[in-house]
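Here is the structure we will look at.
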Amino acid sequence: CESSTASASNVSSRRHALGFGLISSALALAFDLPTAGTGASHPDYAWAVAGEGLAGGAGSAAGSSLRRQTAEERAAIERGLSQVTKGKAPVLLRLVFHDAGTFDAAAKTGGPNGSIQFELDRPESRGLKRGWNVVKDLRERIRSQSGLDVSYADLVVICGAWAVQVCGGPRMEVQLGRRDADAADAPGMIPDENLPVSGIKAAFGRMGLTTRDLVALSGSHALGGKGFGDPLTFDNVYYTTLLEKPWTDTKDEMKQMIGIPSDRVLPDDPESRKVVEEFARDETKFFACFAESYAKLTTLGGYSQQV
């Protein structure tokens, strides 16, 4: 996914995510034909990430290496996921960001570590217990059916990738090896949806992610009934709708309810708008960029993937 000019803005308050520290990582995307039987109409995406090792607390990657799933693990995970209904996809995808989005590259804390299980009573986690219950039940099914033990952190990422695929998005391979935290991550790390665009960019910059990542990952809001087309279809309608700005129609109360504040600020920001327009024109490019940004989000903290 080619990068456009994308830099995080500095904001001088903790709420707006002070303390940046960009992760140095090199990503490579490989494109293969769709896997037979998946019903996918777009290429699969597999990625390799070489990340900088970071020190950290419980559940930190600390330079750990991920590995490909074995055939036995893949079969056990697929059997477990076969019992999850498509209607759970939106909350499972949201769960990924709330688990990984606590990462602070400067402090070397947080990230995709399963700590969301200790954070479900926080205001920003409203509604996520439904998603966590799916992950918890999935782990128990895998254990009981195959005797295999997959970490909660890995299963959160796997469920998010499944959610994208089952709703028509790209098929994304997930490698295993993330370690579970034994306590909650620091509070106040998930960006408030009412922040100005500068604050949202700052929060992503704190994690080591770019404005391009921000816009790509925001495409996950296509799922879940926020008004961006079919709530269970992963496509680029999110971006075409952003450009139409239906919420500005003062005569239609239903249109005024489309999106949340963090969506609505994107087309008004020149840097973000360029990416929004690009993804609105080209769904294939959106899928490729989403896969790359999802890989970055779910390996924050120094994880490196097997090529």
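Labels used: A, B, ... for chains in the order of the structure tokens, numbers from 1 for residues in each chain, and numbers from 1 for ligands as shown.
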Residues near range 137-141 of chain A, cut-off 9 Å, only C-alpha atoms, skip fewer than 5 positions along chain, as a PyMOL selection string: chain A and resi 76-77+79-81+83-84+132+146+148-152+155
Save the residues we just selected, all heavy atoms, as a compact mmCIF listing (two decimals), in the first residue's frame?
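Once written, part-v5.txt looks like this:
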# COMPACT_ATOMS: atom_id res chain seq x y z
N ALA A 76 -8.36 -26.24 14.15
CA ALA A 76 -9.05 -26.07 15.43
C ALA A 76 -9.70 -24.70 15.53
O ALA A 76 -10.83 -24.55 16.01
CB ALA A 76 -8.07 -26.28 16.58
N ILE A 77 -8.98 -23.68 15.06
CA ILE A 77 -9.51 -22.31 15.10
C ILE A 77 -10.71 -22.19 14.16
O ILE A 77 -11.74 -21.59 14.51
CB ILE A 77 -8.41 -21.30 14.74
CG1 ILE A 77 -7.37 -21.23 15.87
CG2 ILE A 77 -9.00 -19.91 14.49
CD1 ILE A 77 -6.09 -20.51 15.49
N ARG A 79 -12.72 -24.57 13.19
CA ARG A 79 -13.85 -25.29 13.77
C ARG A 79 -14.54 -24.44 14.83
O ARG A 79 -15.77 -24.36 14.90
CB ARG A 79 -13.39 -26.61 14.40
CG ARG A 79 -13.21 -27.75 13.45
CD ARG A 79 -13.18 -29.09 14.18
NE ARG A 79 -12.18 -29.12 15.24
CZ ARG A 79 -10.91 -29.48 15.07
NH1 ARG A 79 -10.49 -29.84 13.87
NH2 ARG A 79 -10.08 -29.50 16.10
N GLY A 80 -13.73 -23.78 15.66
CA GLY A 80 -14.31 -22.94 16.70
C GLY A 80 -15.06 -21.75 16.14
O GLY A 80 -16.16 -21.42 16.60
N LEU A 81 -14.49 -21.13 15.11
CA LEU A 81 -15.14 -19.95 14.51
C LEU A 81 -16.40 -20.31 13.75
O LEU A 81 -17.27 -19.45 13.55
CB LEU A 81 -14.15 -19.26 13.56
CG LEU A 81 -13.05 -18.43 14.22
CD1 LEU A 81 -12.03 -17.98 13.18
CD2 LEU A 81 -13.63 -17.22 14.94
N GLN A 83 -18.84 -21.73 14.72
CA GLN A 83 -20.00 -21.59 15.60
C GLN A 83 -20.30 -20.13 15.95
O GLN A 83 -21.21 -19.86 16.73
CB GLN A 83 -19.79 -22.41 16.87
CG GLN A 83 -19.63 -23.90 16.62
CD GLN A 83 -19.46 -24.70 17.89
OE1 GLN A 83 -20.16 -24.49 18.88
NE2 GLN A 83 -18.52 -25.64 17.89
N VAL A 84 -19.51 -19.21 15.43
CA VAL A 84 -19.73 -17.78 15.67
C VAL A 84 -20.61 -17.22 14.56
O VAL A 84 -20.35 -17.46 13.38
CB VAL A 84 -18.39 -17.02 15.73
CG1 VAL A 84 -18.64 -15.53 16.01
CG2 VAL A 84 -17.49 -17.61 16.81
N TRP A 132 -16.14 -9.92 23.98
CA TRP A 132 -15.20 -10.67 24.81
C TRP A 132 -15.74 -12.07 25.12
O TRP A 132 -14.98 -13.04 25.14
CB TRP A 132 -14.90 -9.93 26.11
CG TRP A 132 -13.98 -10.74 26.97
CD1 TRP A 132 -14.27 -11.41 28.12
CD2 TRP A 132 -12.60 -11.01 26.70
NE1 TRP A 132 -13.17 -12.09 28.57
CE2 TRP A 132 -12.13 -11.86 27.72
CE3 TRP A 132 -11.72 -10.63 25.68
CZ2 TRP A 132 -10.81 -12.33 27.76
CZ3 TRP A 132 -10.42 -11.09 25.71
CH2 TRP A 132 -9.97 -11.93 26.74
N SER A 146 -9.59 -29.75 20.92
CA SER A 146 -8.28 -30.13 20.38
C SER A 146 -7.16 -30.18 21.41
O SER A 146 -6.07 -30.66 21.10
CB SER A 146 -7.89 -29.14 19.28
OG SER A 146 -7.67 -27.85 19.83
N LEU A 148 -5.55 -27.67 22.37
CA LEU A 148 -4.61 -26.58 22.07
C LEU A 148 -4.93 -25.35 22.90
O LEU A 148 -6.09 -25.09 23.23
CB LEU A 148 -4.67 -26.23 20.58
CG LEU A 148 -4.26 -27.35 19.62
CD1 LEU A 148 -4.49 -26.91 18.18
CD2 LEU A 148 -2.79 -27.73 19.83
N ASP A 149 -3.90 -24.58 23.22
CA ASP A 149 -4.08 -23.36 24.01
C ASP A 149 -3.61 -22.16 23.19
O ASP A 149 -2.42 -22.01 22.93
CB ASP A 149 -3.28 -23.46 25.31
CG ASP A 149 -3.69 -22.40 26.32
OD1 ASP A 149 -4.75 -21.77 26.12
OD2 ASP A 149 -2.95 -22.20 27.31
N VAL A 150 -4.55 -21.34 22.77
CA VAL A 150 -4.24 -20.12 22.01
C VAL A 150 -4.49 -18.94 22.93
O VAL A 150 -5.51 -18.88 23.61
CB VAL A 150 -5.11 -20.02 20.74
CG1 VAL A 150 -4.72 -18.80 19.92
CG2 VAL A 150 -4.99 -21.28 19.90
N SER A 151 -3.58 -17.98 22.95
CA SER A 151 -3.72 -16.85 23.87
C SER A 151 -4.94 -16.00 23.53
O SER A 151 -5.38 -15.96 22.38
CB SER A 151 -2.46 -15.97 23.84
OG SER A 151 -2.38 -15.24 22.62
N TYR A 152 -5.48 -15.33 24.55
CA TYR A 152 -6.58 -14.40 24.31
C TYR A 152 -6.15 -13.31 23.33
O TYR A 152 -6.92 -12.89 22.47
CB TYR A 152 -7.02 -13.75 25.63
CG TYR A 152 -7.88 -14.63 26.50
CD1 TYR A 152 -7.58 -14.80 27.85
CD2 TYR A 152 -9.00 -15.27 26.00
CE1 TYR A 152 -8.39 -15.58 28.67
CE2 TYR A 152 -9.80 -16.06 26.80
CZ TYR A 152 -9.49 -16.22 28.14
OH TYR A 152 -10.28 -16.99 28.94
N LEU A 155 -6.38 -14.58 19.89
CA LEU A 155 -7.76 -14.84 19.48
C LEU A 155 -8.52 -13.54 19.20
O LEU A 155 -9.39 -13.51 18.32
CB LEU A 155 -8.47 -15.67 20.54
CG LEU A 155 -8.04 -17.13 20.61
CD1 LEU A 155 -8.73 -17.84 21.77
CD2 LEU A 155 -8.34 -17.86 19.30
Polymer residues at most 10 Å from Arg122 in chain A, only C-alpha atoms, same-chain spacing of 6 or more positions, as a compact mmCIF listing (two decimals) with N, CA, C and O atoms, in the first residue's frame:
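Final file, around.txt:
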# COMPACT_ATOMS: atom_id res chain seq x y z
N ILE A 116 -7.82 -6.23 27.40
CA ILE A 116 -9.20 -5.74 27.31
C ILE A 116 -10.11 -6.50 28.28
O ILE A 116 -11.11 -5.96 28.75
N LEU A 128 -18.63 -3.99 24.73
CA LEU A 128 -17.60 -4.93 24.31
C LEU A 128 -17.64 -6.27 25.04
O LEU A 128 -16.98 -7.23 24.62
N PRO A 187 -5.39 3.60 31.84
CA PRO A 187 -6.66 4.18 31.37
C PRO A 187 -6.44 5.40 30.51
O PRO A 187 -5.35 5.98 30.48
N GLY A 188 -7.47 5.79 29.78
CA GLY A 188 -7.43 7.03 29.00
C GLY A 188 -6.61 6.97 27.74
O GLY A 188 -6.25 8.01 27.18
Nearest to Ser262 in chain A, chosen from A:Val307, A:Ala291, A:Leu209, A:Leu214, with only C-alpha atoms counted in the distances: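 Result for the nearest residue to Ser262 in chain A: A:Leu214.
Once Val197 in chain A and its same-chain neighbours fewer than 2 positions away are set aside, A:Leu195, A:Gly199, A:Ile200, A:Lys201, A:Ser262, A:Val265, A:Leu266, A:Asp269 remain within 8 Å of it when counting only C-alpha atoms.
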Output N, CA and C atoms for every residue in that selection, as a JSON list (two decimals), in the first residue's frame.
[["chain", "number", "residue", "atom", "x", "y", "z"],
["A", 195, "LEU", "N", -12.87, 13.98, 19.99],
["A", 195, "LEU", "CA", -11.65, 14.76, 19.80],
["A", 195, "LEU", "C", -11.65, 15.44, 18.44],
["A", 199, "GLY", "N", -6.38, 15.76, 17.56],
["A", 199, "GLY", "CA", -6.27, 14.87, 18.70],
["A", 199, "GLY", "C", -6.30, 13.41, 18.30],
["A", 200, "ILE", "N", -7.12, 13.08, 17.31],
["A", 200, "ILE", "CA", -7.18, 11.69, 16.84],
["A", 200, "ILE", "C", -5.86, 11.31, 16.17],
["A", 201, "LYS", "N", -5.33, 12.22, 15.36],
["A", 201, "LYS", "CA", -4.03, 11.95, 14.73],
["A", 201, "LYS", "C", -2.95, 11.76, 15.79],
["A", 262, "SER", "N", -15.79, 11.32, 15.17],
["A", 262, "SER", "CA", -14.46, 11.02, 14.64],
["A", 262, "SER", "C", -14.50, 10.64, 13.16],
["A", 265, "VAL", "N", -15.07, 14.29, 11.00],
["A", 265, "VAL", "CA", -13.96, 15.25, 10.88],
["A", 265, "VAL", "C", -12.99, 14.87, 9.75],
["A", 266, "LEU", "N", -13.01, 13.63, 9.31],
["A", 266, "LEU", "CA", -12.02, 13.18, 8.32],
["A", 266, "LEU", "C", -12.11, 13.90, 6.98],
["A", 269, "ASP", "N", -10.50, 17.47, 6.98],
["A", 269, "ASP", "CA", -9.06, 17.61, 7.19],
["A", 269, "ASP", "C", -8.36, 17.32, 5.86]]
Separation of CA of Val91 in chain A from CA of Pro123 in chain A in Å: 15.3 Å
12 Å contact set for range 272-280 of chain A, only C-alpha atoms, chain neighbours under 6 positions out, as a tab-separated table (two decimals) with N, CA and C atoms, in the first residue's frame:
chain	number	residue	atom	x	y	z
A	1	CYS	N	0.85	-1.19	0.00
A	1	CYS	CA	0.00	0.00	0.00
A	1	CYS	C	0.89	1.23	0.00
A	2	GLU	N	0.86	2.00	-1.07
A	2	GLU	CA	1.71	3.17	-1.15
A	2	GLU	C	1.28	4.21	-0.13
A	3	SER	N	2.24	4.91	0.41
A	3	SER	CA	1.93	5.90	1.43
A	3	SER	C	1.76	7.27	0.82
A	4	SER	N	0.78	7.98	1.35
A	4	SER	CA	0.67	9.39	1.03
A	4	SER	C	1.34	10.14	2.16
A	5	THR	N	1.51	11.45	2.02
A	5	THR	CA	2.10	12.22	3.11
A	5	THR	C	1.21	12.09	4.32
A	6	ALA	N	1.76	11.55	5.42
A	6	ALA	CA	0.93	11.26	6.59
A	6	ALA	C	1.77	11.41	7.84
A	7	SER	N	1.56	12.48	8.57
A	7	SER	CA	2.30	12.69	9.81
A	7	SER	C	1.33	13.01	10.93
A	8	ALA	N	1.65	12.53	12.13
A	8	ALA	CA	0.78	12.78	13.28
A	8	ALA	C	1.02	14.18	13.81
A	197	VAL	N	-9.75	16.44	14.91
A	197	VAL	CA	-8.94	15.56	14.10
A	197	VAL	C	-7.47	15.60	14.53
A	198	SER	N	-7.01	16.74	15.02
A	198	SER	CA	-5.62	16.82	15.50
A	198	SER	C	-5.40	15.87	16.68
A	200	ILE	N	-7.12	13.08	17.31
A	200	ILE	CA	-7.18	11.69	16.84
A	200	ILE	C	-5.86	11.31	16.17
A	201	LYS	N	-5.33	12.22	15.36
A	201	LYS	CA	-4.03	11.95	14.73
A	201	LYS	C	-2.95	11.76	15.79
A	210	THR	N	0.21	6.18	11.31
A	210	THR	CA	0.12	7.38	10.51
A	210	THR	C	-1.32	7.80	10.26
A	211	THR	N	-1.48	8.96	9.64
A	211	THR	CA	-2.81	9.40	9.24
A	211	THR	C	-3.42	8.42	8.24
A	212	ARG	N	-2.59	7.86	7.38
A	212	ARG	CA	-3.08	6.87	6.42
A	212	ARG	C	-3.63	5.64	7.15
A	213	ASP	N	-2.94	5.21	8.19
A	213	ASP	CA	-3.44	4.10	9.01
A	213	ASP	C	-4.76	4.48	9.67
A	214	LEU	N	-4.83	5.69	10.19
A	214	LEU	CA	-6.05	6.18	10.82
A	214	LEU	C	-7.24	6.08	9.87
A	215	VAL	N	-7.08	6.58	8.66
A	215	VAL	CA	-8.18	6.58	7.71
A	215	VAL	C	-8.52	5.16	7.27
A	216	ALA	N	-7.51	4.33	7.06
A	216	ALA	CA	-7.77	2.94	6.64
A	216	ALA	C	-8.51	2.17	7.73
A	217	LEU	N	-8.04	2.27	8.97
A	217	LEU	CA	-8.66	1.53	10.07
A	217	LEU	C	-10.04	2.07	10.40
A	218	SER	N	-10.28	3.35	10.14
A	218	SER	CA	-11.61	3.92	10.36
A	218	SER	C	-12.63	3.28	9.43
A	219	GLY	N	-12.16	2.67	8.34
A	219	GLY	CA	-13.06	1.98	7.43
A	219	GLY	C	-13.78	0.82	8.08
A	235	ASP	N	-16.97	-2.86	2.96
A	235	ASP	CA	-16.69	-2.31	1.64
A	235	ASP	C	-16.25	-0.86	1.78
A	236	ASN	N	-16.14	-0.16	0.65
A	236	ASN	CA	-15.66	1.22	0.70
A	236	ASN	C	-16.80	2.24	0.72
A	237	VAL	N	-18.02	1.79	0.96
A	237	VAL	CA	-19.15	2.72	1.06
A	237	VAL	C	-18.94	3.74	2.18
A	238	TYR	N	-18.19	3.32	3.21
A	238	TYR	CA	-17.85	4.26	4.29
A	238	TYR	C	-17.25	5.54	3.73
A	239	TYR	N	-16.34	5.41	2.78
A	239	TYR	CA	-15.61	6.57	2.25
A	239	TYR	C	-16.47	7.40	1.30
A	240	THR	N	-17.24	6.73	0.48
A	240	THR	CA	-18.12	7.50	-0.42
A	240	THR	C	-19.15	8.27	0.39
A	241	THR	N	-19.60	7.68	1.50
A	241	THR	CA	-20.57	8.37	2.36
A	241	THR	C	-19.93	9.56	3.06
A	242	LEU	N	-18.67	9.40	3.50
A	242	LEU	CA	-17.98	10.53	4.14
A	242	LEU	C	-17.93	11.74	3.22
A	243	LEU	N	-17.68	11.50	1.95
A	243	LEU	CA	-17.58	12.61	1.00
A	243	LEU	C	-18.93	13.26	0.74
A	244	GLU	N	-20.01	12.50	0.91
A	244	GLU	CA	-21.36	13.05	0.71
A	244	GLU	C	-21.84	13.88	1.92
A	262	SER	N	-15.79	11.32	15.17
A	262	SER	CA	-14.46	11.02	14.64
A	262	SER	C	-14.50	10.64	13.16
A	263	ASP	N	-15.65	10.19	12.67
A	263	ASP	CA	-15.81	9.97	11.23
A	263	ASP	C	-15.97	11.29	10.50
A	264	ARG	N	-16.80	12.14	11.05
A	264	ARG	CA	-17.22	13.36	10.35
A	264	ARG	C	-16.09	14.37	10.17
A	265	VAL	N	-15.07	14.29	11.00
A	265	VAL	CA	-13.96	15.25	10.88
A	265	VAL	C	-12.99	14.87	9.75
A	266	LEU	N	-13.01	13.63	9.31
A	266	LEU	CA	-12.02	13.18	8.32
A	266	LEU	C	-12.11	13.90	6.98
A	286	PHE	N	-8.22	0.21	-0.92
A	286	PHE	CA	-8.65	0.26	0.49
A	286	PHE	C	-8.39	-1.07	1.17
A	287	PHE	N	-8.77	-2.17	0.53
A	287	PHE	CA	-8.58	-3.48	1.14
A	287	PHE	C	-7.09	-3.74	1.42
A	288	ALA	N	-6.24	-3.40	0.46
A	288	ALA	CA	-4.80	-3.61	0.64
A	288	ALA	C	-4.26	-2.77	1.78
A	289	CYS	N	-4.67	-1.51	1.84
A	289	CYS	CA	-4.19	-0.62	2.89
A	289	CYS	C	-4.75	-1.00	4.24
A	290	PHE	N	-6.01	-1.45	4.26
A	290	PHE	CA	-6.58	-1.89	5.54
A	290	PHE	C	-5.80	-3.09	6.06
Test item: residues at most 7 Å from Leu300 in chain A, only C-alpha atoms, excluding those fewer than 3 positions along its chain, as JSON, numbers by chain: {"A": [103, 111, 112, 296, 297, 303]}
Residues from the last selection, N, CA, C and O atoms, saved as a PDB file, in the first residue's frame:
ATOM      1  N   PHE A 103      -1.610   1.058  23.052  1.00  0.00           N
ATOM      2  CA  PHE A 103      -0.154   1.053  22.926  1.00  0.00           C
ATOM      3  C   PHE A 103       0.427   2.457  22.982  1.00  0.00           C
ATOM      4  O   PHE A 103      -0.096   3.400  22.383  1.00  0.00           O
ATOM      5  N   GLY A 111      -0.856  -2.318  23.980  1.00  0.00           N
ATOM      6  CA  GLY A 111      -0.806  -3.044  22.725  1.00  0.00           C
ATOM      7  C   GLY A 111      -1.710  -4.260  22.712  1.00  0.00           C
ATOM      8  O   GLY A 111      -2.534  -4.451  23.608  1.00  0.00           O
ATOM      9  N   PRO A 112      -1.574  -5.107  21.680  1.00  0.00           N
ATOM     10  CA  PRO A 112      -2.448  -6.272  21.522  1.00  0.00           C
ATOM     11  C   PRO A 112      -2.070  -7.394  22.480  1.00  0.00           C
ATOM     12  O   PRO A 112      -1.369  -8.341  22.125  1.00  0.00           O
ATOM     13  N   LYS A 296      -0.084  -3.724  11.172  1.00  0.00           N
ATOM     14  CA  LYS A 296       0.692  -2.839  12.044  1.00  0.00           C
ATOM     15  C   LYS A 296       0.046  -2.724  13.425  1.00  0.00           C
ATOM     16  O   LYS A 296       0.718  -2.825  14.457  1.00  0.00           O
ATOM     17  N   LEU A 297      -1.278  -2.518  13.437  1.00  0.00           N
ATOM     18  CA  LEU A 297      -2.000  -2.376  14.702  1.00  0.00           C
ATOM     19  C   LEU A 297      -1.853  -3.609  15.567  1.00  0.00           C
ATOM     20  O   LEU A 297      -1.665  -3.494  16.793  1.00  0.00           O
ATOM     21  N   TYR A 303       6.584  -7.018  18.034  1.00  0.00           N
ATOM     22  CA  TYR A 303       6.419  -8.341  17.463  1.00  0.00           C
ATOM     23  C   TYR A 303       6.978  -8.385  16.046  1.00  0.00           C
ATOM     24  O   TYR A 303       6.775  -7.454  15.275  1.00  0.00           O
TER      25      TYR A 303
END
Exercise: range 65-72 of chain A partners within 8 Å, only C-alpha atoms, chain neighbours under 3 positions left out, as number ranges by chain: A: 75-76, 174-178, 303-306
Every residue of range 28-257 of chain A that DSSP places in helix (DSSP H, G or I), as an MDAnalysis selection string: chainID A and resid 71:81 86:100 115:118 123:125 129:146 152:166 197:207 211:222 237:244 246:248 255:257
Atom-to-atom span, CA of Ala203 in chain A and CA of Ala186 in chain A, Å: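 These atoms are spaced 13.9 Å apart.
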Selected residue of minimal separation from Thr109 in chain A among A:Gly301, A:Gly225, A:Pro170, A:Gly127, counting only C-alpha atoms: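 Checking each of A:Gly301, A:Gly225, A:Pro170, A:Gly127 against Thr109 in chain A, counting only C-alpha atoms, the winner is A:Gly301.
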Among listed residues A:His221, A:Arg74, A:Arg130, A:Arg206, nearest Ile260 in chain A (using only C-alpha atoms):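 Of A:His221, A:Arg74, A:Arg130, A:Arg206, the one nearest Ile260 in chain A is A:His221, counting only C-alpha atoms.
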